[in-house]
Structures are given as C-alpha cells and as structure tokens.
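**Student:** Questions regarding the structure given below will be posed in turn.
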Amino acid sequence: MINPVEILKMQSEAKKLQNKLRERKIKGESKNGMVKIYMNAAQEFEDVHIDEEYLSPDMEDAIKKGFKEAFKDYQKKLQKEMVQDMDIDQLKSMFK
C-alpha cells in the first residue's frame with residue numbers, strides 16, 4: 001500500500017516540475033520564418049507572430065501551413081530539451 005506521505009511528496013514534486021516546465025520558453029518557426037509560435041515546455045500556448053506579408057486574406061493557406069510547420073518545430077525542440085533534462089534517478093525516486 002502506498003504511504004500517504006509519499007503521495008504528498010510525489011504531488012509536490014510533480015507541481016515543482018510543472019512550474020519548471022512553465023518557465024521554459026520554446027519558439028517554433030515555419031521553414032521560411034514567417035510564422036513563429038511561442039509555447040512553454042508544459043505545452044501551453046504563449047504567443048504567436050505572423051509576418052506582415054502574410055496578413056492578407058489570400059494568404060490563409062500559407063498561414064495554416066506556417067502554423068503546422070512552426071508547431072512541428074516546437075515539438076522537436078521540446079523533445080530535445082526534455083531528453084537533455086531527463087534525470088532517470090529522479091524519475092525512479094518518484095515512483096518508489
């Protein structure tokens with residue numbers, strides 16, 4: 001049976017990790033750099049930048065494509081950062 005004190009400790013550690021993830025900012029860009037999204041490592045949306053050249057109505061498809069590319073770029077960067085920060089011993093201790 002899991003000790004209630006251990007559960008509280010795990011919740012506290014999870015909350016600290018979540019806060020740490022919210023502090024890390026990651027920018028995803030479309031291949032041409034015209035669309036940029038800013039998100040944190042907790043995968044929460046922060047901001048977006050669309051180059052003025054894209055802001056005409058006939059550019060809708062290009063904007064959508066740019067968002068998809070920027071989000072993929074963000075995901076790749078997030079995965080790299082998460083692997084770099086992964087502390088296997090810390091993860092193991094959370095599940096003991």
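Ordered as shown in the structure tokens, chains take letters A, B, and onward, while each chain numbers its residues from 1 and ligands are numbered from 1 in the order shown.
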List every residue of chain A that DSSP, applied to the backbone, labels as strand (DSSP E or B), and write the result as a list in words.
**Tutor:** Lys25, Ile26, Lys27, Gly28, Glu29, Val35, Lys36, Ile37, Tyr38, Met39, Asn40, Phe45, Glu46, Asp47, Val48, His49 and Ile50 of chain A
**Student:** How would the residues just chosen look if you wrote them out with N, CA and C atoms as a compact mmCIF listing (two decimals), in the first residue's frame?
**Tutor:**
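Final output, part-v9.txt:
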```txt
# COMPACT_ATOMS: atom_id res chain seq x y z
N LYS A 25 10.68 28.59 -22.10
CA LYS A 25 10.00 29.10 -23.30
C LYS A 25 10.67 28.51 -24.53
N ILE A 26 9.86 28.05 -25.48
CA ILE A 26 10.37 27.46 -26.70
C ILE A 26 9.66 28.10 -27.88
N LYS A 27 10.46 28.47 -28.89
CA LYS A 27 9.90 29.09 -30.10
C LYS A 27 9.93 28.08 -31.22
N GLY A 28 8.79 27.92 -31.90
CA GLY A 28 8.71 27.10 -33.11
C GLY A 28 8.54 28.02 -34.30
N GLU A 29 9.24 27.70 -35.41
CA GLU A 29 9.18 28.56 -36.59
C GLU A 29 8.80 27.76 -37.82
N VAL A 35 6.11 32.57 -39.77
CA VAL A 35 5.19 32.28 -38.67
C VAL A 35 6.01 31.73 -37.51
N LYS A 36 5.81 32.32 -36.34
CA LYS A 36 6.51 31.87 -35.14
C LYS A 36 5.48 31.68 -34.03
N ILE A 37 5.60 30.56 -33.32
CA ILE A 37 4.75 30.35 -32.16
C ILE A 37 5.65 30.24 -30.94
N TYR A 38 5.15 30.72 -29.84
CA TYR A 38 5.88 30.69 -28.58
C TYR A 38 5.06 29.91 -27.58
N MET A 39 5.65 28.83 -27.07
CA MET A 39 4.96 27.98 -26.11
C MET A 39 5.94 27.67 -24.98
N ASN A 40 5.42 27.17 -23.88
CA ASN A 40 6.32 26.75 -22.82
C ASN A 40 6.48 25.24 -22.87
N PHE A 45 0.28 27.34 -24.89
CA PHE A 45 0.48 28.41 -25.87
C PHE A 45 0.77 29.72 -25.16
N GLU A 46 1.79 30.45 -25.64
CA GLU A 46 2.15 31.74 -25.06
C GLU A 46 1.85 32.91 -26.01
N ASP A 47 2.33 32.81 -27.26
CA ASP A 47 2.19 33.92 -28.19
C ASP A 47 2.41 33.42 -29.62
N VAL A 48 2.09 34.28 -30.58
CA VAL A 48 2.29 33.97 -31.99
C VAL A 48 2.75 35.24 -32.72
N HIS A 49 3.58 35.05 -33.73
CA HIS A 49 3.99 36.17 -34.58
C HIS A 49 3.77 35.73 -36.03
N ILE A 50 3.05 36.57 -36.77
CA ILE A 50 2.84 36.33 -38.20
C ILE A 50 3.42 37.52 -38.95
```
**Student:** Please list as a ChimeraX atom specification every residue within 12 Å of segment 15-21 of chain A, counting only C-alpha atoms and excluding residues in the same chain fewer than 3 positions away.
**Tutor:** /A:8-12,24-26,39-44,78,81-82,85-87,90-91,94
**Student:** Just the selected residues (N, CA and C atoms), exported as a PDB file, in the first residue's frame, please.
**Tutor:**
```
ATOM      1  N   LEU A   8       1.862  12.667  -1.032  1.00  0.00           N
ATOM      2  CA  LEU A   8       2.012  14.121  -0.917  1.00  0.00           C
ATOM      3  C   LEU A   8       3.362  14.570  -1.467  1.00  0.00           C
ATOM      4  N   LYS A   9       4.389  13.786  -1.196  1.00  0.00           N
ATOM      5  CA  LYS A   9       5.731  14.108  -1.695  1.00  0.00           C
ATOM      6  C   LYS A   9       5.741  14.059  -3.230  1.00  0.00           C
ATOM      7  N   MET A  10       5.113  13.030  -3.791  1.00  0.00           N
ATOM      8  CA  MET A  10       5.043  12.908  -5.250  1.00  0.00           C
ATOM      9  C   MET A  10       4.259  14.068  -5.865  1.00  0.00           C
ATOM     10  N   GLN A  11       3.160  14.469  -5.220  1.00  0.00           N
ATOM     11  CA  GLN A  11       2.363  15.589  -5.723  1.00  0.00           C
ATOM     12  C   GLN A  11       3.180  16.878  -5.692  1.00  0.00           C
ATOM     13  N   SER A  12       3.937  17.054  -4.631  1.00  0.00           N
ATOM     14  CA  SER A  12       4.772  18.244  -4.501  1.00  0.00           C
ATOM     15  C   SER A  12       5.842  18.273  -5.592  1.00  0.00           C
ATOM     16  N   ARG A  24      10.142  27.465 -18.913  1.00  0.00           N
ATOM     17  CA  ARG A  24      10.950  27.275 -20.120  1.00  0.00           C
ATOM     18  C   ARG A  24      10.146  27.673 -21.342  1.00  0.00           C
ATOM     19  N   LYS A  25      10.676  28.594 -22.099  1.00  0.00           N
ATOM     20  CA  LYS A  25      10.004  29.097 -23.296  1.00  0.00           C
ATOM     21  C   LYS A  25      10.673  28.508 -24.532  1.00  0.00           C
ATOM     22  N   ILE A  26       9.863  28.054 -25.480  1.00  0.00           N
ATOM     23  CA  ILE A  26      10.372  27.458 -26.704  1.00  0.00           C
ATOM     24  C   ILE A  26       9.658  28.103 -27.882  1.00  0.00           C
ATOM     25  N   MET A  39       5.653  28.833 -27.069  1.00  0.00           N
ATOM     26  CA  MET A  39       4.961  27.984 -26.107  1.00  0.00           C
ATOM     27  C   MET A  39       5.944  27.668 -24.985  1.00  0.00           C
ATOM     28  N   ASN A  40       5.415  27.166 -23.883  1.00  0.00           N
ATOM     29  CA  ASN A  40       6.319  26.754 -22.818  1.00  0.00           C
ATOM     30  C   ASN A  40       6.477  25.238 -22.868  1.00  0.00           C
ATOM     31  N   ALA A  41       7.368  24.717 -22.045  1.00  0.00           N
ATOM     32  CA  ALA A  41       7.661  23.289 -22.069  1.00  0.00           C
ATOM     33  C   ALA A  41       6.517  22.453 -21.494  1.00  0.00           C
ATOM     34  N   ALA A  42       5.528  23.096 -20.892  1.00  0.00           N
ATOM     35  CA  ALA A  42       4.327  22.388 -20.425  1.00  0.00           C
ATOM     36  C   ALA A  42       3.293  22.304 -21.554  1.00  0.00           C
ATOM     37  N   GLN A  43       3.715  22.684 -22.755  1.00  0.00           N
ATOM     38  CA  GLN A  43       2.906  22.654 -23.961  1.00  0.00           C
ATOM     39  C   GLN A  43       1.716  23.598 -23.895  1.00  0.00           C
ATOM     40  N   GLU A  44       1.912  24.740 -23.231  1.00  0.00           N
ATOM     41  CA  GLU A  44       0.887  25.779 -23.158  1.00  0.00           C
ATOM     42  C   GLU A  44       1.264  26.899 -24.120  1.00  0.00           C
ATOM     43  N   LEU A  78      11.106  20.804 -28.102  1.00  0.00           N
ATOM     44  CA  LEU A  78      10.656  20.385 -26.777  1.00  0.00           C
ATOM     45  C   LEU A  78      11.184  18.991 -26.462  1.00  0.00           C
ATOM     46  N   GLU A  81      14.852  19.132 -25.545  1.00  0.00           N
ATOM     47  CA  GLU A  81      15.056  19.706 -24.215  1.00  0.00           C
ATOM     48  C   GLU A  81      14.666  18.733 -23.114  1.00  0.00           C
ATOM     49  N   MET A  82      13.570  18.017 -23.325  1.00  0.00           N
ATOM     50  CA  MET A  82      13.108  17.083 -22.303  1.00  0.00           C
ATOM     51  C   MET A  82      14.115  15.946 -22.118  1.00  0.00           C
ATOM     52  N   ASP A  85      17.134  17.165 -20.117  1.00  0.00           N
ATOM     53  CA  ASP A  85      16.858  17.405 -18.701  1.00  0.00           C
ATOM     54  C   ASP A  85      16.452  16.154 -17.942  1.00  0.00           C
ATOM     55  N   MET A  86      16.250  15.066 -18.661  1.00  0.00           N
ATOM     56  CA  MET A  86      15.733  13.872 -18.012  1.00  0.00           C
ATOM     57  C   MET A  86      16.746  13.338 -16.999  1.00  0.00           C
ATOM     58  N   ASP A  87      16.316  13.241 -15.790  1.00  0.00           N
ATOM     59  CA  ASP A  87      17.116  12.686 -14.711  1.00  0.00           C
ATOM     60  C   ASP A  87      16.469  11.363 -14.324  1.00  0.00           C
ATOM     61  N   GLN A  90      15.911  10.667 -10.645  1.00  0.00           N
ATOM     62  CA  GLN A  90      14.809  11.449 -10.081  1.00  0.00           C
ATOM     63  C   GLN A  90      13.465  10.821 -10.452  1.00  0.00           C
ATOM     64  N   LEU A  91      13.335  10.386 -11.707  1.00  0.00           N
ATOM     65  CA  LEU A  91      12.103   9.743 -12.134  1.00  0.00           C
ATOM     66  C   LEU A  91      11.861   8.449 -11.358  1.00  0.00           C
ATOM     67  N   MET A  94      10.529   9.038  -7.910  1.00  0.00           N
ATOM     68  CA  MET A  94       9.133   9.478  -7.852  1.00  0.00           C
ATOM     69  C   MET A  94       8.172   8.290  -7.845  1.00  0.00           C
TER      70      MET A  94
END
```
**Student:** May I have the residues within 9 Å of Gly66 of chain A as a list of chain:residue names, using only C-alpha atoms and disregarding those fewer than 3 positions away in the same chain?
**Tutor:** A:Glu29, A:Ser30, A:Lys31, A:Asn32, A:Gly33, A:Met34, A:Val35, A:Lys36, A:Ile50, A:Asp61, A:Ala62, A:Ile63, A:Glu69, A:Ala70, A:Phe71
**Student:** Assign secondary structure with DSSP using the backbone only, and return the residues of chain A in helix (DSSP H, G or I) as number ranges by chain.
**Tutor:** A: 4-23, 52-54, 57-85, 88-94
**Student:** Which distance in Å separates atom CA of Phe67 of chain A and atom CA of Leu55 of chain A, to one decimal?
**Tutor:**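 It comes out at 13.4 Å.
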**Student:** Between atom CA of Lys80 of chain A and atom CA of Glu13 of chain A, what is the spacing in Å?
**Tutor:** 21.9 Å
